[in-house]
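**Student:** Contents of structure-v4.tsv (TSV, C-alpha atoms and all ligand atoms):
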```
chain	number	residue	atom	x	y	z
A	290	MET	CA	-1.22	22.28	-38.96
A	291	PRO	CA	-4.34	24.36	-38.36
A	292	GLY	CA	-6.60	21.41	-39.13
A	293	LEU	CA	-5.61	19.76	-35.83
A	294	ILE	CA	-6.77	22.64	-33.66
A	295	PRO	CA	-10.34	21.93	-32.59
A	296	LYS	CA	-12.76	24.76	-32.93
A	297	ILE	CA	-14.29	25.59	-29.59
A	298	ARG	CA	-17.73	25.66	-31.13
A	299	SER	CA	-17.38	22.06	-32.25
A	300	LEU	CA	-17.02	20.97	-28.60
A	301	ARG	CA	-20.56	22.06	-27.90
A	302	SER	CA	-22.93	19.30	-27.02
A	303	PRO	CA	-25.78	18.79	-29.47
A	304	ARG	CA	-27.89	17.55	-26.56
A	305	LEU	CA	-27.66	20.81	-24.62
A	306	PRO	CA	-31.16	21.90	-23.77
A	307	THR	CA	-31.75	25.58	-24.33
A	308	GLY	CA	-32.86	28.07	-21.74
A	309	ASP	CA	-32.10	26.04	-18.60
A	310	LYS	CA	-30.78	27.80	-15.51
A	311	PRO	CA	-27.20	27.50	-14.23
A	312	SER	CA	-26.68	25.02	-11.40
A	313	SER	CA	-24.02	25.29	-8.76
A	314	ASP	CA	-22.08	22.70	-6.83
A	315	ARG	CA	-19.40	22.86	-4.09
A	316	ARG	CA	-16.36	20.75	-4.90
A	317	GLN	CA	-12.80	20.08	-3.77
A	318	LEU	CA	-9.65	19.64	-5.79
A	319	LEU	CA	-6.27	18.53	-4.52
A	320	LEU	CA	-3.59	20.92	-5.77
A	321	SER	CA	0.12	20.61	-5.04
A	322	ASN	CA	-0.06	22.88	-1.98
A	323	GLY	CA	-3.35	21.74	-0.47
A	324	VAL	CA	-7.03	21.20	-1.00
A	325	LEU	CA	-8.84	23.87	-2.96
A	326	ARG	CA	-12.56	24.29	-2.26
A	327	TYR	CA	-14.36	25.84	-5.18
A	328	GLU	CA	-17.79	26.44	-6.55
A	329	LEU	CA	-18.60	24.82	-9.87
A	330	VAL	CA	-21.31	26.53	-11.85
A	331	ARG	CA	-22.72	24.70	-14.83
A	332	ALA	CA	-24.11	27.11	-17.34
A	333	ARG	CA	-24.88	27.61	-20.97
A	334	ARG	CA	-21.44	28.50	-22.20
A	335	ARG	CA	-18.78	27.12	-24.48
A	336	SER	CA	-15.63	27.39	-22.41
A	337	ILE	CA	-14.34	26.91	-18.88
A	338	ALA	CA	-13.59	30.06	-16.90
A	339	ILE	CA	-12.06	30.48	-13.44
A	340	GLN	CA	-13.21	33.49	-11.46
A	341	ALA	CA	-11.42	34.86	-8.43
A	342	LEU	CA	-14.06	36.35	-6.16
A	343	GLN	CA	-13.78	37.79	-2.68
A	344	GLU	CA	-15.58	34.71	-1.32
A	345	GLY	CA	-13.31	32.26	-3.16
A	346	ILE	CA	-12.78	30.52	-6.46
A	347	ARG	CA	-15.71	29.95	-8.79
A	348	VAL	CA	-15.43	27.88	-11.96
A	349	ARG	CA	-17.96	28.32	-14.72
A	350	ALA	CA	-18.15	25.46	-17.17
A	351	PRO	CA	-20.38	24.11	-19.92
A	352	ARG	CA	-22.75	21.37	-18.79
A	353	TRP	CA	-21.08	18.82	-21.04
A	354	ALA	CA	-17.51	19.40	-19.78
A	355	SER	CA	-16.24	16.44	-17.75
A	356	ILE	CA	-14.91	16.94	-14.22
A	357	ALA	CA	-11.57	15.56	-15.44
A	358	ALA	CA	-11.37	18.21	-18.16
A	359	ILE	CA	-12.40	20.99	-15.75
A	360	GLU	CA	-9.88	19.93	-13.13
A	361	SER	CA	-7.02	19.48	-15.54
A	362	PHE	CA	-7.70	23.03	-16.76
A	363	MET	CA	-7.67	24.22	-13.14
A	364	ARG	CA	-4.34	22.50	-12.52
A	365	LEU	CA	-2.87	24.43	-15.41
A	366	GLN	CA	-4.01	27.62	-13.67
A	367	GLU	CA	-2.75	26.57	-10.26
A	368	GLY	CA	-0.17	29.37	-9.98
A	369	TRP	CA	-2.77	32.00	-10.70
A	370	ILE	CA	-5.29	30.47	-8.27
A	371	THR	CA	-2.72	30.23	-5.48
A	372	GLU	CA	-1.59	33.81	-5.98
A	373	HIS	CA	-5.17	35.05	-5.87
A	374	LEU	CA	-5.95	33.17	-2.67
A	375	ARG	CA	-2.79	34.50	-1.03
A	376	LEU	CA	-3.63	38.09	-1.92
A	377	ARG	CA	-7.19	37.64	-0.75
A	378	ARG	CA	-6.02	36.23	2.59
A	379	ASP	CA	-3.71	39.20	3.01
A	380	THR	CA	-6.52	41.71	2.66
A	381	ARG	CA	-8.62	40.11	5.38
A	382	PRO	CA	-8.31	41.75	8.80
A	383	PHE	CA	-6.12	39.82	11.19
A	384	SER	CA	-8.07	38.17	13.98
A	385	TRP	CA	-6.48	38.84	17.36
A	386	ASN	CA	-7.87	35.76	19.06
A	387	GLU	CA	-6.46	32.73	20.80
A	388	GLY	CA	-5.06	30.36	18.17
A	389	ALA	CA	-4.24	33.12	15.66
A	390	GLU	CA	-0.81	32.77	14.10
A	391	LEU	CA	1.55	35.60	13.42
A	392	PRO	CA	5.12	35.81	12.18
A	393	LEU	CA	7.82	36.85	14.60
A	394	LEU	CA	11.47	37.00	13.60
A	395	GLY	CA	10.63	34.75	10.66
A	396	GLU	CA	8.98	32.07	12.78
A	397	THR	CA	5.28	31.45	13.20
A	398	VAL	CA	3.93	31.89	16.73
A	399	ARG	CA	0.45	31.00	17.89
A	400	ILE	CA	-1.38	33.25	20.32
A	401	VAL	CA	-2.28	31.43	23.54
A	402	ALA	CA	-3.85	32.67	26.78
A	403	THR	CA	-1.73	32.62	29.91
A	404	ASP	CA	-2.16	33.41	33.62
A	405	ALA	CA	1.05	35.46	33.57
A	406	LYS	CA	0.95	39.26	33.74
A	407	ALA	CA	3.13	39.97	30.71
A	408	ILE	CA	3.31	38.97	27.06
A	409	ARG	CA	6.02	36.44	26.31
A	410	ALA	CA	7.16	34.48	23.24
A	411	ALA	CA	8.41	30.92	23.77
A	412	ASP	CA	8.38	27.61	21.89
A	413	GLY	CA	6.30	28.75	18.95
A	414	ARG	CA	3.76	30.39	21.24
A	415	LEU	CA	2.98	34.00	21.98
A	416	GLU	CA	1.62	33.91	25.50
A	417	VAL	CA	-0.82	36.73	26.14
A	418	PRO	CA	-2.47	37.38	29.55
A	419	ALA	CA	-6.01	35.98	29.41
A	420	GLY	CA	-7.53	39.30	30.46
A	421	LEU	CA	-5.87	41.07	27.56
A	422	LEU	CA	-7.02	38.44	25.09
A	423	ALA	CA	-10.62	38.82	26.24
A	424	THR	CA	-10.61	42.57	25.65
A	425	GLY	CA	-8.69	42.59	22.36
A	426	CYS	CA	-4.96	42.24	22.51
A	427	ARG	CA	-3.97	44.02	19.29
A	428	GLU	CA	-2.59	47.21	20.86
A	429	ALA	CA	-0.83	45.32	23.63
A	430	VAL	CA	0.84	42.84	21.26
A	431	LEU	CA	1.86	45.54	18.79
A	432	GLY	CA	3.26	47.59	21.68
A	433	TRP	CA	5.23	44.56	22.84
A	434	ILE	CA	6.55	43.95	19.29
A	435	ARG	CA	7.64	47.58	18.97
A	436	GLU	CA	9.47	47.45	22.27
A	437	ARG	CA	11.29	44.26	21.31
A	438	ALA	CA	12.01	45.63	17.84
A	439	ARG	CA	13.58	48.80	19.22
A	440	ALA	CA	15.87	46.85	21.55
A	441	LEU	CA	16.99	44.41	18.85
A	442	TYR	CA	17.53	47.09	16.21
A	443	ALA	CA	19.56	49.22	18.63
A	444	ALA	CA	21.81	46.28	19.50
A	445	ARG	CA	22.34	45.27	15.86
A	446	MET	CA	22.91	48.88	14.81
A	447	ALA	CA	25.49	49.44	17.53
A	448	GLU	CA	27.38	46.38	16.34
A	449	GLY	CA	27.28	47.47	12.69
A	450	ALA	CA	28.27	51.06	13.49
A	451	ALA	CA	31.27	49.78	15.43
A	452	ARG	CA	32.33	47.60	12.51
A	453	LEU	CA	32.10	50.57	10.13
A	454	ASP	CA	33.80	52.77	12.72
A	455	VAL	CA	31.05	55.40	12.61
A	456	PRO	CA	29.27	56.94	15.62
A	457	MET	CA	26.01	55.25	16.62
A	458	PRO	CA	23.15	57.17	14.93
A	459	ARG	CA	19.83	57.85	16.60
A	460	LEU	CA	17.16	55.22	16.00
A	461	ARG	CA	13.53	55.84	15.20
A	462	LEU	CA	10.83	53.18	14.75
A	463	SER	CA	8.77	53.88	11.68
A	464	SER	CA	5.43	52.79	10.24
A	465	ALA	CA	6.19	54.10	6.76
A	466	ARG	CA	3.94	52.71	4.07
A	467	THR	CA	6.55	51.83	1.50
A	468	ARG	CA	9.97	51.78	3.14
A	469	TRP	CA	11.64	49.33	5.49
A	470	GLY	CA	14.24	51.84	6.48
A	471	SER	CA	15.71	55.26	5.80
A	472	CYS	CA	18.67	57.33	6.84
A	473	SER	CA	18.52	61.09	7.34
A	474	HIS	CA	21.25	63.56	8.07
A	475	ASN	CA	19.80	66.14	10.45
A	476	PRO	CA	21.47	69.04	12.24
A	477	GLY	CA	21.21	66.96	15.42
A	478	GLY	CA	23.17	64.15	13.80
A	479	PRO	CA	22.25	61.22	11.56
A	480	ARG	CA	19.14	59.25	12.29
A	481	ILE	CA	18.10	55.83	11.01
A	482	SER	CA	14.43	54.91	10.79
A	483	LEU	CA	13.50	51.24	10.74
A	484	HIS	CA	10.04	49.80	10.31
A	485	TRP	CA	8.65	47.99	13.36
A	486	LYS	CA	7.32	45.25	11.03
A	487	LEU	CA	10.86	44.19	10.19
A	488	TYR	CA	10.66	42.41	13.54
A	489	LEU	CA	8.25	39.93	11.92
A	490	LEU	CA	10.87	38.90	9.33
A	491	PRO	CA	13.92	36.63	9.70
A	492	PRO	CA	16.78	38.33	11.64
A	493	MET	CA	19.03	38.04	8.57
A	494	LEU	CA	16.75	40.46	6.73
A	495	ILE	CA	16.69	42.87	9.66
A	496	ASP	CA	20.48	42.84	9.53
A	497	TYR	CA	20.38	43.54	5.82
A	498	VAL	CA	18.18	46.63	6.21
A	499	ILE	CA	20.38	47.87	9.07
A	500	ALA	CA	23.54	47.30	6.99
A	501	HIS	CA	21.95	49.20	4.12
A	502	GLU	CA	21.00	52.21	6.24
A	503	LEU	CA	24.30	52.26	8.12
A	504	ALA	CA	26.12	52.29	4.78
A	505	HIS	CA	24.26	55.53	4.01
A	506	LEU	CA	26.16	57.11	6.89
A	507	VAL	CA	29.25	56.66	4.72
A	508	GLU	CA	27.77	57.01	1.22
A	509	LEU	CA	24.61	59.07	0.68
A	510	ASN	CA	23.82	57.41	-2.66
A	511	HIS	CA	23.41	53.95	-4.15
A	512	SER	CA	26.72	54.00	-6.01
A	513	ARG	CA	29.12	51.09	-6.31
A	514	ARG	CA	31.04	52.54	-3.39
A	515	PHE	CA	27.83	52.40	-1.35
A	516	TRP	CA	27.25	48.70	-2.14
A	517	ALA	CA	30.86	47.96	-1.28
A	518	VAL	CA	30.20	49.37	2.20
A	519	VAL	CA	27.01	47.29	2.50
A	520	GLU	CA	29.00	44.24	1.50
A	521	ARG	CA	31.47	44.78	4.34
A	522	LEU	CA	28.62	44.41	6.80
A	523	TYR	CA	26.46	41.99	4.85
A	524	PRO	CA	28.23	40.00	2.13
A	525	ASP	CA	25.09	38.29	0.73
A	526	TYR	CA	23.17	41.54	0.16
A	527	ARG	CA	22.17	40.63	-3.42
A	528	ALA	CA	20.05	37.70	-2.22
A	529	ALA	CA	18.55	39.69	0.66
A	530	ARG	CA	16.75	42.29	-1.45
A	531	PRO	CA	14.39	39.96	-3.37
A	532	GLU	CA	13.81	37.91	-0.22
A	533	LEU	CA	12.84	41.06	1.67
A	534	ASN	CA	10.32	41.93	-1.04
A	535	ARG	CA	8.90	38.44	-1.18
A	536	LEU	CA	8.47	37.93	2.56
A	537	GLY	CA	7.42	41.52	3.12
A	538	ARG	CA	4.53	41.13	0.69
A	539	ALA	CA	3.35	37.98	2.45
A	540	LEU	CA	3.01	39.59	5.90
A	541	PRO	CA	-0.51	39.64	7.32
A	542	PRO	CA	-2.14	43.05	7.77
A	543	LEU	CA	-1.64	43.55	11.49
A	601	ZN	ZN	19.31	53.19	0.33
```
Since I need it in another form, could you write the structure as structure tokens?

**Tutor:**
Amino acid sequence: MPGLIPKIRSLRSPRLPTGDKPSSDRRQLLLSNGVLRYELVRARRRSIAIQALQEGIRVRAPRWASIAAIESFMRLQEGWITEHLRLRRDTRPFSWNEGAELPLLGETVRIVATDAKAIRAADGRLEVPAGLLATGCREAVLGWIRERARALYAARMAEGAARLDVPMPRLRLSSARTRWGSCSHNPGGPRISLHWKLYLLPPMLIDYVIAHELAHLVELNHSRRFWAVVERLYPDYRAARPELNRLGRALPPL
């Protein structure tokens, strides 16, 4: 029934004065996952457009469009808006200050200053010596994470290797750009590399990556036999892979 589809042009207000300048307004809209602050620009145009800019969301709308119409259009685009804001947040540098939140073993910890001499995680807090915080604690905290990661990975790997009845391989911490883990067979014996950032994710996912790399000690491919070995160590491996991708993408740029 094409006659029922309104032509966009027919929505244009006959009272629209010509040649006037766009005006801009800061507004808020409650979406299902929080309040969205956006800039509303009224301009000479026929349709509503949402723009994702580095500084936030800007909506451009005709002067005659009602707020209700604009906001119901925005609600339809909520998924897109949310995704954009998430990506934008992820590209901002992480601020290593008191109060900053970072993920650790799948939990969120808040950086707080302490009188103690060493970094310590407890009760949702990452306690950092005040002196370190004042001078920039990034290197110190990352060093602490790497140390903890190495110890945890080694323990989990030893357990998995024993269950597969293979000798414990050497462990290397990696900062690879695209891989959580890898397994190499060198003349000096097999070596498993695991990314230090895995330590930010839930322990279940760390175990999955370790199970995957340990299984490569038995099968050098991704054949069905390989996945059967993974399954012996980690029965729910099918669910772990998408979860690893999802949570991995959401990590802040430390
Ligand atoms: Zn693999």

**Student:** Which value, in Å to one decimal, gives the distance between atom CA of Tyr442 of chain A and atom CA of Leu393 of chain A?

**Tutor:**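 It comes out at 14.2 Å.
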
**Student:** Go through chain A residue by residue and, counting only C-alpha atoms and all ligand atoms, keep those with an atom at most 12 Å from ligand ZN 601 (chain A); for each kept residue give the shortest atom pair and its distance in Å to one decimal, ordered by chain and increasing number, as a tab-separated table.

**Tutor:**
```
residue	atom	partner	partner_atom	distance
A:Arg468	CA	A:ZN601	ZN	9.9
A:Trp469	CA	A:ZN601	ZN	10.0
A:Gly470	CA	A:ZN601	ZN	8.1
A:Ser471	CA	A:ZN601	ZN	6.9
A:Cys472	CA	A:ZN601	ZN	7.7
A:Ser473	CA	A:ZN601	ZN	10.6
A:Ile481	CA	A:ZN601	ZN	11.1
A:Ser482	CA	A:ZN601	ZN	11.7
A:Tyr497	CA	A:ZN601	ZN	11.2
A:Val498	CA	A:ZN601	ZN	8.9
A:Ile499	CA	A:ZN601	ZN	10.3
A:Ala500	CA	A:ZN601	ZN	9.8
A:His501	CA	A:ZN601	ZN	6.1
A:Glu502	CA	A:ZN601	ZN	6.2
A:Leu503	CA	A:ZN601	ZN	9.3
A:Ala504	CA	A:ZN601	ZN	8.2
A:His505	CA	A:ZN601	ZN	6.6
A:Leu506	CA	A:ZN601	ZN	10.3
A:Val507	CA	A:ZN601	ZN	11.4
A:Glu508	CA	A:ZN601	ZN	9.3
A:Leu509	CA	A:ZN601	ZN	7.9
A:Asn510	CA	A:ZN601	ZN	6.9
A:His511	CA	A:ZN601	ZN	6.1
A:Ser512	CA	A:ZN601	ZN	9.8
A:Phe515	CA	A:ZN601	ZN	8.7
A:Trp516	CA	A:ZN601	ZN	9.5
A:Val518	CA	A:ZN601	ZN	11.7
A:Val519	CA	A:ZN601	ZN	9.9
A:Arg530	CA	A:ZN601	ZN	11.3
```

**Student:** I want to know what sits within 7 Å of Gly388 of chain A, based on only C-alpha atoms, with residues of the same chain fewer than 3 positions away left out; could you give that as a PyMOL selection string?

**Tutor:** chain A and resi 399-401

**Student:** Have a look at atom CA of Leu494 of chain A and atom CA of Ala389 of chain A and let me know their distance in Å, one decimal.

**Tutor:**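 Spanning atom CA of Leu494 of chain A to atom CA of Ala389 of chain A is a straight-line distance of 24.0 Å.
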
**Student:** Go through A:Gly432, A:Gly425, A:Gly537, A:Pro418 one by one, measure the shortest atom-to-atom distance of each to Ser384 of chain A using all atoms listed in the file, and give the residue with the smallest value.

**Tutor:**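 Result for the nearest residue to Ser384 of chain A: A:Gly425.
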
**Student:** Figure out the distance between atom CA of Arg466 of chain A and atom CA of Ala528 of chain A, please, to one decimal in Å.

**Tutor:**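 So the two atoms, atom CA of Ala528 of chain A and atom CA of Arg466 of chain A, lie 22.9 Å apart.
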
**Student:** Can you pull out every residue within 6 Å of Leu489 of chain A, counting all atoms listed in the file, but drop anything in the same chain fewer than 3 positions away, and send it as a PDB file with C-alpha atoms, in the frame of the given file?

**Tutor:**
```pdb
ATOM      1  CA  PRO A 392       5.120  35.810  12.180  1.00  0.00           C
ATOM      2  CA  LEU A 393       7.820  36.850  14.600  1.00  0.00           C
ATOM      3  CA  LEU A 394      11.470  37.000  13.600  1.00  0.00           C
ATOM      4  CA  GLY A 395      10.630  34.750  10.660  1.00  0.00           C
ATOM      5  CA  LYS A 486       7.320  45.250  11.030  1.00  0.00           C
TER       6      LYS A 486
END
```
